[in-house]
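See structure below.
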Amino acid sequence: MSEHSETEKPQRSGDDRTNAGSKSDDALNSPEASAPMLDVHAPHEVMHTWKSFFIHIATIVVGLFIAVALEQFVEAIHNHHELAALRQDLRAESRQTLLDARGAEAAQIYELDWLGRRVAQVQAAIFEHLPLEPRQPYNVPNFASPDIPIWRSAKAGSRISLLTKGEMNAYGEVEYVQRKVETLSDARKDAEDAVRSFHREFLVLPNGGLDFTKGSPQDLHRYLTLLTRTSVTIDRYLYWLRMLQGAELAVSDGKTNPDDLYASEAKVAGTAAGDPL
């Protein structure tokens, strides 16, 4: 009896073939297998017509106009609030400047009176050959020099453009007068320092007077010159302090016409002692 050299291959049933075909179909129909590498869609609508093109452009233009209008509206509100705050600050500064100018005015009146009496003493020593009397007590009131820092800060920051032209001109006039006041204030300090320096050249007597026993007639004449020069400088300073008060009073009353400011300045400064020349 012979033996077979090859093993028999198992026969697949029809069900096996059916199951294999079913698995193959499922694999082909699965999303992973059926998804293409590039998903291309045909246009959903036809090319734009000229009408739709212009509608599209008009929509963009209207949107830009609305955006710009809203931006300007917000900026206008911001400028309105900033202008209101600036006007309030400037009004407060005008009130403070008036107070400071009046305080400085009172101090200058006191000093002019003191200088006038001292000049009379020195003149008596020179022209009547009398002994120079002791200096009288010098108790000038304390005062703050007027200033306008808010206006100058707003001007440096270009915020004054928020104001009307009349307001800018009015505050510009105040600034002009303020500069004159500051210039004369420096001149006044220099003149006073010259008098103080002269005093220190001589010994002070127990009664408060200066020991002029070794002083020459030329020293007395120089002293008189220093005193009168100081008096004239303070007189000019006082004049412009009152000019500043007149300008600030006009601005505080809401006046912006230059003629109104000049009239207010002349009205207040007209009471200044002496000649401003």
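By convention here, the chains of the structure tokens are called A, B, ... in the order presented, each chain's residues are numbered starting at 1, and ligands are numbered starting at 1 in the order presented.
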
Considering only C-alpha atoms, give me a table of residues in range 72-118 of chain A that are at most 12 Å from range 170-176 of chain A, with the closest atom pair and distance in Å for each, as a Markdown table.
| residue | atom | partner | partner_atom | distance |
| --- | --- | --- | --- | --- |
| A:Arg87 | CA | A:Tyr171 | CA | 11.1 |
| A:Leu90 | CA | A:Tyr171 | CA | 9.0 |
| A:Arg91 | CA | A:Tyr171 | CA | 10.6 |
| A:Glu93 | CA | A:Tyr171 | CA | 11.1 |
| A:Ser94 | CA | A:Val174 | CA | 9.4 |
| A:Thr97 | CA | A:Val174 | CA | 10.3 |
| A:Leu98 | CA | A:Val174 | CA | 11.4 |

Could you pull out the helix (DSSP H, G or I) residues of range 133-268 of chain A from DSSP and send them as a JSON list (two decimals) with C-alpha atoms, in the first residue's frame?
[["chain", "number", "residue", "atom", "x", "y", "z"],
["A", 149, "PRO", "CA", 2.21, 126.49, 35.68],
["A", 150, "ILE", "CA", -1.07, 124.94, 34.46],
["A", 151, "TRP", "CA", -1.25, 127.21, 31.42],
["A", 152, "ARG", "CA", 2.40, 126.64, 30.59],
["A", 153, "SER", "CA", 2.02, 122.87, 30.96],
["A", 154, "ALA", "CA", -1.06, 122.87, 28.70],
["A", 155, "LYS", "CA", 0.79, 124.99, 26.16],
["A", 156, "ALA", "CA", 3.81, 122.67, 26.17],
["A", 159, "ARG", "CA", -3.66, 121.06, 24.88],
["A", 160, "ILE", "CA", -4.47, 124.76, 24.47],
["A", 161, "SER", "CA", -5.66, 123.95, 20.93],
["A", 162, "LEU", "CA", -8.84, 122.67, 22.61],
["A", 165, "LYS", "CA", -9.18, 131.41, 19.70],
["A", 166, "GLY", "CA", -10.44, 134.09, 22.07],
["A", 167, "GLU", "CA", -9.53, 132.03, 25.12],
["A", 168, "MET", "CA", -6.03, 131.36, 23.80],
["A", 169, "ASN", "CA", -5.51, 135.06, 23.14],
["A", 170, "ALA", "CA", -6.75, 136.00, 26.60],
["A", 171, "TYR", "CA", -4.51, 133.53, 28.43],
["A", 172, "GLY", "CA", -1.68, 134.51, 26.10],
["A", 173, "GLU", "CA", -2.02, 138.08, 27.35],
["A", 174, "VAL", "CA", -1.89, 136.81, 30.93],
["A", 175, "GLU", "CA", 1.29, 134.93, 30.10],
["A", 176, "TYR", "CA", 2.85, 138.05, 28.59],
["A", 177, "VAL", "CA", 2.16, 140.06, 31.76],
["A", 178, "GLN", "CA", 3.37, 137.16, 33.91],
["A", 179, "ARG", "CA", 6.72, 137.19, 32.10],
["A", 180, "LYS", "CA", 7.08, 140.90, 32.85],
["A", 181, "VAL", "CA", 6.30, 140.23, 36.51],
["A", 182, "GLU", "CA", 8.94, 137.50, 36.68],
["A", 183, "THR", "CA", 11.58, 139.67, 35.01],
["A", 184, "LEU", "CA", 10.96, 142.53, 37.44],
["A", 185, "SER", "CA", 10.86, 140.14, 40.39],
["A", 186, "ASP", "CA", 14.40, 139.04, 39.51],
["A", 187, "ALA", "CA", 15.47, 142.69, 39.17],
["A", 188, "ARG", "CA", 13.90, 143.46, 42.56],
["A", 189, "LYS", "CA", 15.85, 140.63, 44.22],
["A", 190, "ASP", "CA", 19.10, 141.87, 42.67],
["A", 191, "ALA", "CA", 18.48, 145.41, 43.92],
["A", 192, "GLU", "CA", 17.63, 144.19, 47.43],
["A", 193, "ASP", "CA", 20.76, 142.03, 47.50],
["A", 194, "ALA", "CA", 22.85, 145.07, 46.59],
["A", 195, "VAL", "CA", 21.45, 146.96, 49.61],
["A", 196, "ARG", "CA", 22.10, 144.00, 51.89],
["A", 197, "SER", "CA", 25.66, 143.74, 50.64],
["A", 198, "PHE", "CA", 26.19, 147.42, 51.39],
["A", 199, "HIS", "CA", 24.88, 146.97, 54.94],
["A", 217, "PRO", "CA", 30.28, 161.08, 52.06],
["A", 218, "GLN", "CA", 30.73, 158.97, 48.97],
["A", 219, "ASP", "CA", 29.52, 155.95, 50.94],
["A", 220, "LEU", "CA", 26.36, 157.79, 51.91],
["A", 221, "HIS", "CA", 25.74, 158.83, 48.31],
["A", 222, "ARG", "CA", 26.27, 155.24, 47.16],
["A", 223, "TYR", "CA", 23.84, 154.08, 49.83],
["A", 224, "LEU", "CA", 21.25, 156.58, 48.68],
["A", 225, "THR", "CA", 21.68, 155.43, 45.09],
["A", 226, "LEU", "CA", 21.17, 151.78, 46.05],
["A", 227, "LEU", "CA", 18.05, 152.61, 48.07],
["A", 228, "THR", "CA", 16.45, 154.73, 45.37],
["A", 229, "ARG", "CA", 17.29, 152.16, 42.68],
["A", 230, "THR", "CA", 15.60, 149.47, 44.76],
["A", 231, "SER", "CA", 12.60, 151.69, 45.29],
["A", 232, "VAL", "CA", 12.21, 152.32, 41.55],
["A", 233, "THR", "CA", 12.57, 148.61, 40.76],
["A", 234, "ILE", "CA", 9.94, 147.64, 43.31],
["A", 235, "ASP", "CA", 7.69, 150.38, 42.00],
["A", 236, "ARG", "CA", 7.86, 148.85, 38.53],
["A", 237, "TYR", "CA", 7.30, 145.40, 39.95],
["A", 238, "LEU", "CA", 4.22, 146.63, 41.79],
["A", 239, "TYR", "CA", 2.87, 148.16, 38.60],
["A", 240, "TRP", "CA", 3.05, 144.88, 36.70],
["A", 241, "LEU", "CA", 1.66, 142.92, 39.64],
["A", 242, "ARG", "CA", -1.44, 145.07, 39.31],
["A", 243, "MET", "CA", -1.44, 144.62, 35.54],
["A", 244, "LEU", "CA", -1.49, 140.87, 36.16],
["A", 245, "GLN", "CA", -4.42, 141.24, 38.53],
["A", 246, "GLY", "CA", -6.32, 143.21, 35.91],
["A", 247, "ALA", "CA", -5.68, 140.57, 33.24],
["A", 248, "GLU", "CA", -6.71, 137.71, 35.53],
["A", 249, "LEU", "CA", -9.85, 139.54, 36.64],
["A", 250, "ALA", "CA", -10.91, 139.95, 33.02],
["A", 251, "VAL", "CA", -10.23, 136.30, 32.21],
["A", 252, "SER", "CA", -12.09, 135.17, 35.33],
["A", 258, "PRO", "CA", -8.15, 142.14, 23.89],
["A", 259, "ASP", "CA", -9.64, 145.60, 24.43],
["A", 260, "ASP", "CA", -11.52, 144.33, 27.49],
["A", 261, "LEU", "CA", -8.32, 142.86, 28.93],
["A", 262, "TYR", "CA", -6.35, 146.06, 28.31],
["A", 263, "ALA", "CA", -9.08, 148.14, 29.95],
["A", 264, "SER", "CA", -9.11, 145.88, 33.00],
["A", 265, "GLU", "CA", -5.32, 146.04, 33.28],
["A", 266, "ALA", "CA", -5.31, 149.83, 33.02],
["A", 267, "LYS", "CA", -8.08, 150.12, 35.59],
["A", 268, "VAL", "CA", -6.18, 148.12, 38.23]]

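Ranking A:Arg118, A:Arg135, A:Lys255, A:His56 by their shortest atom-to-atom distance to Leu210 in chain A, with only C-alpha atoms included, puts A:Arg135 first.
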